[in-house]
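This report concerns only the one structure given below.
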Amino acid sequence: MAPLIDALPADARVVLHSGHAQPPLLAEMLAQHAPALHGVQVLATMPVVDAPYASAAALAHLKVESLMPGLGLRQAALADSLNLLRHTVFDWPARFAHGDLRADVLMLQVSPVDADGMVSLGVSVDFMHAALASARCVVAEINPHMPDTCGHSRFSAQHIDWFVPTNHAVQTAKVVAPDAVDQRIAEHVAGLLSDGAVVQIGMGSLPEGVLARLGHLRHLGLHTGIFTDGMQALMESGVVDNSTKRFKPGVSVATMAGGSADLYRYMHRNHAVEMHPCDVTHGPQVLAQMDGFCAINSALQVDLMGRVNAEWVGPRRMSLPGGLPNFAQGAMQAKKGLAIIAMRSVHGPAQRSSMVFELDAHGPPALRGEDYHCLVTEHGVAHVHGLSPRERAQAIARVAHPMWRDDLMAQALHMDA
């Protein structure tokens, strides 16, 4: 790889395969060669493991930016060491198509070349086709453990300039079991869903808790950002059959996957699960046509006006809106759609209230109070859509933690009627 390193100009951008598909050998190579790459930009999106190129030593030379920091870049984001690019997930491919972003070098992790000369992007498609179309040089770890996923995942191996044979397990996700608070929230969320709903939900202990409580329903569909073990279980049990979907009937659709090795084996050449670019999975026109589309997402704070903060912890930004605005908009537009914000009523060691009089965020909210239907905490469901400002504030105060509820209700009574 030395000739490639030597050929990179100081203002070059290296784009890494996102999510669980981040190529670990190539990511480590960037860190090791950082002094020789002084000024090079590294675009990393949702890495789920430590990002060696974002260590303090590497950041002395590299400029790291992200469309979504994920767990692997959270500490760097909190330390304000990243350039966070605030675009919704739907817009990511367009940023490359319009030339706002470019990939001088695209570093991927793909499946082995098949009989047709194709490789698969495996567990992460998102904006990779758009980056591939703009890439000047493509380097790929060829990994036999990367599943050959269906949908719009494959591309010709002729586009790859440098092949790096590897034989390591694809990064898995260890989900922490939901605690008692998550379980109460999950019960409230599950009670809002009906037979035939098309579900979008993220990954983590709360989403997996929700999925585990949907066994009483029938004919559910999946159209989501990330495919997880809980979704596999619902497909195998027959709860999810995707029979009601207008878009891709009979098929679960996602743009990423994250879970166990068994999940990746399940996805390998399984035509019941398709991976598509994120301008499809998060596209407003696609989402709006799905009757009963139910978008379930989380946040950090909600104020009494219903505004949602999904990015800021005090003065420090730790995340970006991601797909939250896209999915909420789709659910609001879909016939019988349902946009849900599900979150704990308090956060942090100090047990600060997640419901506040006014957001302390240092940027625009991810959603306004008019942009979703329900706020769910462990204390119940606040149906906020269509209410007056005072009614909405009172509904939000009612699902706040009892330590803070009376103060919030008193403030709510002073809101405009």
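Ligands are numbered from 1 in the order shown, residues from 1 within each chain, and chains are lettered A, B, ... in the order they appear in the structure tokens.
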I'd like the neighbourhood of stretch 305-307 of chain A as an mmCIF file with C-alpha atoms, in the first residue's frame, where a residue qualifies if any of its atoms comes within 12 Å (using only C-alpha atoms), though same-chain residues fewer than 5 positions away should be ignored.
data_model
loop_
_atom_site.group_PDB
_atom_site.id
_atom_site.type_symbol
_atom_site.label_atom_id
_atom_site.label_comp_id
_atom_site.auth_asym_id
_atom_site.auth_seq_id
_atom_site.Cartn_x
_atom_site.Cartn_y
_atom_site.Cartn_z
ATOM 1 C CA ALA A 299 -33.666 11.217 21.318
ATOM 2 C CA LEU A 300 -31.719 12.960 24.072
ATOM 3 C CA ILE A 341 -40.102 9.186 19.936
ATOM 4 C CA SER A 354 -34.987 14.423 29.614
ATOM 5 C CA MET A 355 -38.116 16.588 29.430
ATOM 6 C CA VAL A 356 -37.171 20.246 29.829
ATOM 7 C CA PHE A 357 -38.871 23.631 29.597
ATOM 8 C CA GLU A 358 -36.664 24.675 26.693
ATOM 9 C CA LEU A 359 -33.936 22.825 24.816
ATOM 10 C CA ASP A 360 -30.395 23.693 25.822
ATOM 11 C CA ALA A 361 -29.114 22.476 22.460
ATOM 12 C CA GLY A 363 -28.309 23.981 17.122
ATOM 13 C CA PRO A 364 -31.690 23.453 15.465
ATOM 14 C CA PRO A 365 -33.911 20.651 16.758
ATOM 15 C CA ALA A 366 -34.145 17.386 14.856
ATOM 16 C CA LEU A 367 -37.945 17.597 14.991
ATOM 17 C CA ARG A 368 -40.554 20.143 15.998
ATOM 18 C CA GLY A 369 -43.605 19.282 18.057
ATOM 19 C CA GLU A 370 -45.714 19.075 14.915
ATOM 20 C CA ASP A 371 -43.393 16.530 13.273
ATOM 21 C CA TYR A 372 -44.329 13.369 15.196
ATOM 22 C CA HIS A 373 -47.306 11.706 16.843
ATOM 23 C CA CYS A 374 -46.229 10.299 20.208
ATOM 24 C CA LEU A 375 -43.619 10.698 22.921
ATOM 25 C CA ALA A 382 -48.001 11.403 25.279
ATOM 26 C CA HIS A 383 -50.063 11.824 22.115
ATOM 27 C CA VAL A 384 -48.775 15.233 21.070
ATOM 28 C CA HIS A 385 -49.864 15.620 17.454
ATOM 29 C CA GLY A 386 -52.652 18.074 16.768
ATOM 30 C CA LEU A 387 -52.635 19.599 20.239
ATOM 31 C CA SER A 388 -52.392 23.248 21.172
ATOM 32 C CA PRO A 389 -49.044 24.392 22.622
ATOM 33 C CA ARG A 390 -50.401 24.225 26.190
ATOM 34 C CA GLU A 391 -52.044 20.834 25.664
ATOM 35 C CA ARG A 392 -48.850 19.458 24.139
ATOM 36 C CA ALA A 393 -46.751 20.773 27.013
ATOM 37 C CA GLN A 394 -49.091 19.209 29.559
ATOM 38 C CA ALA A 395 -49.040 15.870 27.740
ATOM 39 C CA ILE A 396 -45.229 15.884 27.732
ATOM 40 C CA ALA A 397 -45.067 16.848 31.410
ATOM 41 C CA LEU A 408 -42.795 20.904 34.338
ATOM 42 C CA GLN A 411 -44.444 25.601 33.494
ATOM 43 C CA ALA A 412 -46.803 23.953 30.995
ATOM 44 C CA HIS A 414 -48.107 29.102 31.412
ATOM 45 C CA MET A 415 -47.742 28.079 27.767
ATOM 46 C CA ASP A 416 -49.944 29.715 25.146
ATOM 47 C CA ALA A 417 -53.337 28.070 24.936
#
**Request:** Choose the residue, out of A:Thr166, A:Gly204, A:Leu193, A:Asn242, that has the smallest atom-to-atom separation from A:Ala339; count only C-alpha atoms.
**Result:**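 Nearest candidate to A:Ala339 out of A:Thr166, A:Gly204, A:Leu193, A:Asn242: A:Leu193.
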Contact check, stretch 127-185 of chain A to stretch 206-222 of chain A, at most 9 Å, counting only C-alpha atoms, closest pairs as JSON lines:
{"residue": "A:Val175", "atom": "CA", "partner": "A:Glu208", "partner_atom": "CA", "distance": 8.0}
{"residue": "A:Ala177", "atom": "CA", "partner": "A:Gly209", "partner_atom": "CA", "distance": 7.8}
{"residue": "A:Pro178", "atom": "CA", "partner": "A:Leu206", "partner_atom": "CA", "distance": 5.9}
{"residue": "A:Asp179", "atom": "CA", "partner": "A:Leu206", "partner_atom": "CA", "distance": 8.6}
{"residue": "A:Asp182", "atom": "CA", "partner": "A:Leu206", "partner_atom": "CA", "distance": 5.3}
{"residue": "A:Gln183", "atom": "CA", "partner": "A:Gly209", "partner_atom": "CA", "distance": 6.2}
{"residue": "A:Ile185", "atom": "CA", "partner": "A:Leu206", "partner_atom": "CA", "distance": 7.7}
Written file, previous selection with C-alpha atoms, as a PDB file, in the first residue's frame:
ATOM      1  CA  VAL A 175     -26.742  -5.806  22.452  1.00  0.00           C
ATOM      2  CA  ALA A 177     -30.315  -6.699  27.514  1.00  0.00           C
ATOM      3  CA  PRO A 178     -33.010  -4.111  28.230  1.00  0.00           C
ATOM      4  CA  ASP A 179     -33.271  -3.159  31.882  1.00  0.00           C
ATOM      5  CA  ASP A 182     -36.310  -0.057  28.823  1.00  0.00           C
ATOM      6  CA  GLN A 183     -38.807  -2.880  29.245  1.00  0.00           C
ATOM      7  CA  ILE A 185     -40.870   1.831  27.514  1.00  0.00           C
TER       8      ILE A 185
END
**Item:** Of the listed residues A:Met107, A:Val181, A:Val119, A:Val199, that which approaches A:Arg154 most closely, counting only C-alpha atoms
**Value:**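 Of all the options, A:Val119 lies closest to A:Arg154.
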**Prompt:** Between A:Ser243, A:Gln351, A:Thr228, A:Gln200, which has the minimum distance to A:Cys294 (counting only C-alpha atoms)?
**Reply:**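 When distances to A:Cys294 are compared using only C-alpha atoms, the smallest one comes from A:Gln200.
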**Item:** All residues 6 Å or closer to A:Glu65, only C-alpha atoms, same chain fewer than 2 positions away omitted, as a PyMOL selection string
**Value:** chain A and resi 43+82-84
Just to be explicit: take each residue in the selection above, keep N, CA and C atoms, and write the result as a tab-separated table (two decimals), in the first residue's frame.
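To be explicit, this is the file written out as part-v8.tsv:
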chain	number	residue	atom	x	y	z
A	43	LEU	N	-13.28	10.33	5.96
A	43	LEU	CA	-14.72	10.36	6.21
A	43	LEU	C	-15.14	8.99	6.73
A	82	LEU	N	-13.85	16.16	15.74
A	82	LEU	CA	-14.35	15.76	14.43
A	82	LEU	C	-15.03	16.93	13.73
A	83	ASN	N	-15.06	16.85	12.42
A	83	ASN	CA	-15.91	17.73	11.62
A	83	ASN	C	-17.18	16.96	11.31
A	84	LEU	N	-18.27	17.30	11.99
A	84	LEU	CA	-19.53	16.59	11.81
A	84	LEU	C	-20.33	17.27	10.71
**Message:** I need the alpha helix (DSSP H) residues of stretch 315-385 of chain A per DSSP on the backbone, written as a PyMOL selection string.
**Reply:** chain A and resi 324-333
**Request:** Determine, counting only C-alpha atoms, which protein, DNA and RNA residues have an atom within 10 Å of an atom of stretch 270-280 of chain A; residues of the same chain fewer than 6 positions away are not included. Present the result as a PyMOL selection string.
**Result:** chain A and resi 88-94+121-130+147-154+222-227+232+235+241-242+248-257+286-287+323+326
Expected file: the selected residues, N, CA and C atoms, as a short mmCIF file (atom, residue, chain, number, x, y, z; two decimals), in the first residue's frame:
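Contents of again.cif, as written:
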data_model
loop_
_atom_site.label_atom_id
_atom_site.label_comp_id
_atom_site.auth_asym_id
_atom_site.auth_seq_id
_atom_site.Cartn_x
_atom_site.Cartn_y
_atom_site.Cartn_z
N THR A 88 -29.16 14.78 6.60
CA THR A 88 -29.96 13.60 6.92
C THR A 88 -29.47 12.43 6.07
N VAL A 89 -29.79 11.21 6.51
CA VAL A 89 -29.31 10.02 5.82
C VAL A 89 -29.79 10.00 4.37
N PHE A 90 -31.01 10.42 4.13
CA PHE A 90 -31.53 10.45 2.76
C PHE A 90 -30.63 11.25 1.83
N ASP A 91 -30.01 12.30 2.35
CA ASP A 91 -29.21 13.21 1.52
C ASP A 91 -27.79 12.72 1.28
N TRP A 92 -27.33 11.70 1.98
CA TRP A 92 -25.93 11.30 1.86
C TRP A 92 -25.52 10.98 0.42
N PRO A 93 -26.23 10.13 -0.30
CA PRO A 93 -25.79 9.85 -1.69
C PRO A 93 -25.75 11.09 -2.56
N ALA A 94 -26.71 11.99 -2.38
CA ALA A 94 -26.76 13.19 -3.21
C ALA A 94 -25.56 14.09 -2.99
N LEU A 121 -21.44 -5.52 -1.12
CA LEU A 121 -21.14 -4.60 -0.02
C LEU A 121 -21.58 -5.16 1.32
N GLY A 122 -22.25 -6.28 1.31
CA GLY A 122 -22.55 -7.01 2.53
C GLY A 122 -23.48 -6.29 3.47
N VAL A 123 -22.99 -5.97 4.66
CA VAL A 123 -23.84 -5.48 5.74
C VAL A 123 -23.99 -3.96 5.75
N SER A 124 -23.43 -3.27 4.75
CA SER A 124 -23.60 -1.82 4.72
C SER A 124 -23.57 -1.32 3.28
N VAL A 125 -24.72 -0.82 2.83
CA VAL A 125 -24.84 -0.29 1.47
C VAL A 125 -24.91 1.24 1.50
N ASP A 126 -25.70 1.79 2.36
CA ASP A 126 -26.03 3.22 2.52
C ASP A 126 -25.63 4.09 1.32
N PHE A 127 -24.53 4.86 1.41
CA PHE A 127 -24.15 5.75 0.30
C PHE A 127 -22.98 5.20 -0.50
N MET A 128 -22.64 3.92 -0.32
CA MET A 128 -21.43 3.39 -0.93
C MET A 128 -21.45 3.37 -2.45
N HIS A 129 -22.61 3.13 -3.06
CA HIS A 129 -22.67 3.17 -4.53
C HIS A 129 -22.39 4.57 -5.04
N ALA A 130 -22.90 5.58 -4.35
CA ALA A 130 -22.64 6.97 -4.75
C ALA A 130 -21.17 7.31 -4.58
N PRO A 147 -21.23 -11.43 4.25
CA PRO A 147 -22.35 -12.05 3.53
C PRO A 147 -22.57 -11.38 2.17
N ASP A 148 -22.97 -12.21 1.22
CA ASP A 148 -23.37 -11.73 -0.10
C ASP A 148 -24.85 -11.40 0.00
N THR A 149 -25.16 -10.14 0.27
CA THR A 149 -26.54 -9.76 0.54
C THR A 149 -27.28 -9.42 -0.74
N CYS A 150 -28.60 -9.56 -0.68
CA CYS A 150 -29.45 -9.34 -1.84
C CYS A 150 -29.91 -7.88 -1.90
N GLY A 151 -30.62 -7.56 -2.96
CA GLY A 151 -31.05 -6.19 -3.19
C GLY A 151 -30.08 -5.47 -4.10
N HIS A 152 -29.78 -4.23 -3.76
CA HIS A 152 -28.83 -3.43 -4.55
C HIS A 152 -27.51 -3.35 -3.79
N SER A 153 -26.86 -4.49 -3.66
CA SER A 153 -25.64 -4.58 -2.86
C SER A 153 -24.40 -4.84 -3.70
N ARG A 154 -24.55 -5.40 -4.88
CA ARG A 154 -23.40 -5.88 -5.63
C ARG A 154 -22.87 -4.82 -6.61
N LEU A 222 -41.11 -4.86 7.51
CA LEU A 222 -39.89 -4.18 7.95
C LEU A 222 -39.35 -3.33 6.81
N HIS A 223 -39.19 -2.06 7.07
CA HIS A 223 -38.50 -1.13 6.17
C HIS A 223 -37.75 -0.20 7.09
N THR A 224 -36.45 -0.40 7.21
CA THR A 224 -35.72 0.21 8.31
C THR A 224 -34.31 0.60 7.89
N GLY A 225 -33.62 1.31 8.77
CA GLY A 225 -32.25 1.70 8.47
C GLY A 225 -31.28 0.56 8.70
N ILE A 226 -31.49 -0.19 9.79
CA ILE A 226 -30.54 -1.24 10.15
C ILE A 226 -31.29 -2.52 10.51
N PHE A 227 -30.82 -3.65 9.98
CA PHE A 227 -31.42 -4.95 10.20
C PHE A 227 -30.70 -5.63 11.35
N GLN A 232 -34.61 -10.57 12.62
CA GLN A 232 -34.49 -11.94 12.14
C GLN A 232 -35.45 -12.86 12.89
N MET A 235 -38.96 -12.49 11.69
CA MET A 235 -39.16 -13.11 10.38
C MET A 235 -39.27 -14.62 10.52
N ASP A 241 -44.02 -10.91 7.82
CA ASP A 241 -44.08 -11.55 6.50
C ASP A 241 -44.10 -10.54 5.36
N ASN A 242 -44.13 -9.24 5.71
CA ASN A 242 -44.06 -8.16 4.71
C ASN A 242 -45.18 -8.25 3.68
N LYS A 248 -41.65 -3.28 -2.22
CA LYS A 248 -40.96 -4.54 -1.93
C LYS A 248 -41.82 -5.47 -1.06
N PRO A 249 -43.03 -5.83 -1.55
CA PRO A 249 -43.85 -6.76 -0.76
C PRO A 249 -43.14 -8.11 -0.60
N GLY A 250 -43.28 -8.68 0.59
CA GLY A 250 -42.66 -9.96 0.88
C GLY A 250 -41.19 -9.88 1.26
N VAL A 251 -40.63 -8.67 1.32
CA VAL A 251 -39.20 -8.51 1.54
C VAL A 251 -38.96 -7.49 2.65
N SER A 252 -38.06 -7.83 3.58
CA SER A 252 -37.58 -6.86 4.56
C SER A 252 -36.47 -6.03 3.94
N VAL A 253 -36.52 -4.72 4.15
CA VAL A 253 -35.60 -3.79 3.50
C VAL A 253 -34.82 -3.00 4.55
N ALA A 254 -33.51 -2.89 4.34
CA ALA A 254 -32.64 -2.08 5.20
C ALA A 254 -31.49 -1.56 4.36
N THR A 255 -30.71 -0.66 4.95
CA THR A 255 -29.51 -0.17 4.26
C THR A 255 -28.24 -0.59 4.97
N MET A 256 -28.36 -1.01 6.24
CA MET A 256 -27.26 -1.54 7.04
C MET A 256 -27.76 -2.75 7.82
N ALA A 257 -26.82 -3.48 8.38
CA ALA A 257 -27.15 -4.56 9.32
C ALA A 257 -26.12 -4.56 10.43
N VAL A 286 -40.85 6.99 -1.01
CA VAL A 286 -40.98 5.56 -0.72
C VAL A 286 -41.73 5.36 0.59
N LEU A 287 -41.34 6.09 1.63
CA LEU A 287 -41.94 5.91 2.94
C LEU A 287 -43.42 6.31 2.95
N GLY A 323 -31.19 9.53 10.39
CA GLY A 323 -32.41 9.26 9.64
C GLY A 323 -33.67 9.65 10.36
N ASN A 326 -36.05 11.95 8.40
CA ASN A 326 -36.58 11.26 7.22
C ASN A 326 -37.70 10.30 7.60
#
**Request:** Could you tell me which of A:Ala173, A:Val302, A:Ile296, A:Val48 comes closest to A:Gly337 if we count only C-alpha atoms?
**Result:**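 Nearest to A:Gly337: A:Ile296.
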**Message:** Which residues are close to A:Ala261, i.e. within 12 Å by only C-alpha atoms, leaving aside same-chain residues fewer than 5 positions away? Reply as number ranges by chain.
**Reply:** A: 20, 123, 145-147, 168-174, 228-229, 266-268
Could you dump the residues just selected with N, CA and C atoms as an mmCIF file, in the first residue's frame?
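Once everything was written out, this is part_31.cif:
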data_model
loop_
_atom_site.group_PDB
_atom_site.id
_atom_site.type_symbol
_atom_site.label_atom_id
_atom_site.label_comp_id
_atom_site.auth_asym_id
_atom_site.auth_seq_id
_atom_site.Cartn_x
_atom_site.Cartn_y
_atom_site.Cartn_z
ATOM 1 N N HIS A 20 -20.832 -1.628 10.445
ATOM 2 C CA HIS A 20 -20.161 -2.886 10.769
ATOM 3 C C HIS A 20 -19.271 -3.380 9.634
ATOM 4 N N VAL A 123 -22.985 -5.973 4.663
ATOM 5 C CA VAL A 123 -23.835 -5.475 5.739
ATOM 6 C C VAL A 123 -23.986 -3.956 5.748
ATOM 7 N N HIS A 145 -16.042 -13.981 5.058
ATOM 8 C CA HIS A 145 -17.077 -13.950 6.086
ATOM 9 C C HIS A 145 -18.111 -12.843 5.845
ATOM 10 N N MET A 146 -17.868 -11.967 4.864
ATOM 11 C CA MET A 146 -18.847 -10.927 4.557
ATOM 12 C C MET A 146 -19.997 -11.551 3.777
ATOM 13 N N PRO A 147 -21.228 -11.430 4.253
ATOM 14 C CA PRO A 147 -22.350 -12.046 3.529
ATOM 15 C C PRO A 147 -22.572 -11.383 2.173
ATOM 16 N N HIS A 168 -11.082 -12.403 8.564
ATOM 17 C CA HIS A 168 -11.494 -12.117 9.930
ATOM 18 C C HIS A 168 -13.018 -12.062 10.002
ATOM 19 N N ALA A 169 -13.550 -12.257 11.186
ATOM 20 C CA ALA A 169 -14.997 -12.160 11.375
ATOM 21 C C ALA A 169 -15.460 -10.727 11.122
ATOM 22 N N VAL A 170 -16.619 -10.604 10.502
ATOM 23 C CA VAL A 170 -17.221 -9.281 10.346
ATOM 24 C C VAL A 170 -17.641 -8.783 11.725
ATOM 25 N N GLN A 171 -17.424 -7.498 11.960
ATOM 26 C CA GLN A 171 -17.721 -6.931 13.271
ATOM 27 C C GLN A 171 -19.170 -7.191 13.671
ATOM 28 N N THR A 172 -19.366 -7.752 14.836
ATOM 29 C CA THR A 172 -20.705 -8.020 15.339
ATOM 30 C C THR A 172 -21.122 -6.945 16.338
ATOM 31 N N ALA A 173 -22.382 -6.984 16.721
ATOM 32 C CA ALA A 173 -22.918 -6.038 17.702
ATOM 33 C C ALA A 173 -23.413 -6.812 18.910
ATOM 34 N N LYS A 174 -22.921 -6.467 20.060
ATOM 35 C CA LYS A 174 -23.380 -7.082 21.300
ATOM 36 C C LYS A 174 -24.411 -6.165 21.927
ATOM 37 N N THR A 228 -31.452 -6.178 12.322
ATOM 38 C CA THR A 228 -30.865 -6.687 13.559
ATOM 39 C C THR A 228 -31.369 -8.093 13.872
ATOM 40 N N ASP A 229 -30.790 -8.674 14.930
ATOM 41 C CA ASP A 229 -31.182 -10.016 15.361
ATOM 42 C C ASP A 229 -32.656 -10.091 15.735
ATOM 43 N N TYR A 266 -27.675 -15.618 8.203
ATOM 44 C CA TYR A 266 -29.078 -15.582 7.780
ATOM 45 C C TYR A 266 -29.257 -14.702 6.543
ATOM 46 N N MET A 267 -28.523 -13.617 6.475
ATOM 47 C CA MET A 267 -28.667 -12.670 5.370
ATOM 48 C C MET A 267 -27.984 -13.145 4.092
ATOM 49 N N HIS A 268 -27.050 -14.064 4.178
ATOM 50 C CA HIS A 268 -26.259 -14.481 3.016
ATOM 51 C C HIS A 268 -27.164 -15.067 1.942
#
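Taking atom CA of A:Asn167 as the reference point, atom CA of A:Leu263 is found at 18.2 Å.
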**Asked** What is the distance, in Å and to one decimal place, between atom CA of A:Ile340 and atom CA of A:Ala288?
**Response**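 So the answer is 15.6 Å.
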**Message:** Using only C-alpha atoms for the distances, tell me which of A:Pro325, A:Gly117, A:Pro165, A:Gly292 is nearest to A:Arg246.
**Reply:** A:Gly292
**Request:** With a distance cut-off of 9 Å and only C-alpha atoms, select the neighbouring residues of A:Leu78, excluding the residue or stretch itself and same-chain residues fewer than 4 positions from it, and output the selection as number ranges by chain.
**Result:** A: 73-74, 82, 313, 316-319
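The shell of residues at most 12 Å from A:Ala115, with only C-alpha atoms counted and near chain neighbours (fewer than 3 positions) removed, consists of A:Pro112, A:Met118, A:Val119, A:Ser156, A:Ala157.
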**Message:** From the options A:Ser66, A:Val138, A:Ala21, A:His33, which residue's atoms come nearest to A:Val110, counting only C-alpha atoms?
**Reply:**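 For A:Val110, the nearest of the given residues is A:Ala21.
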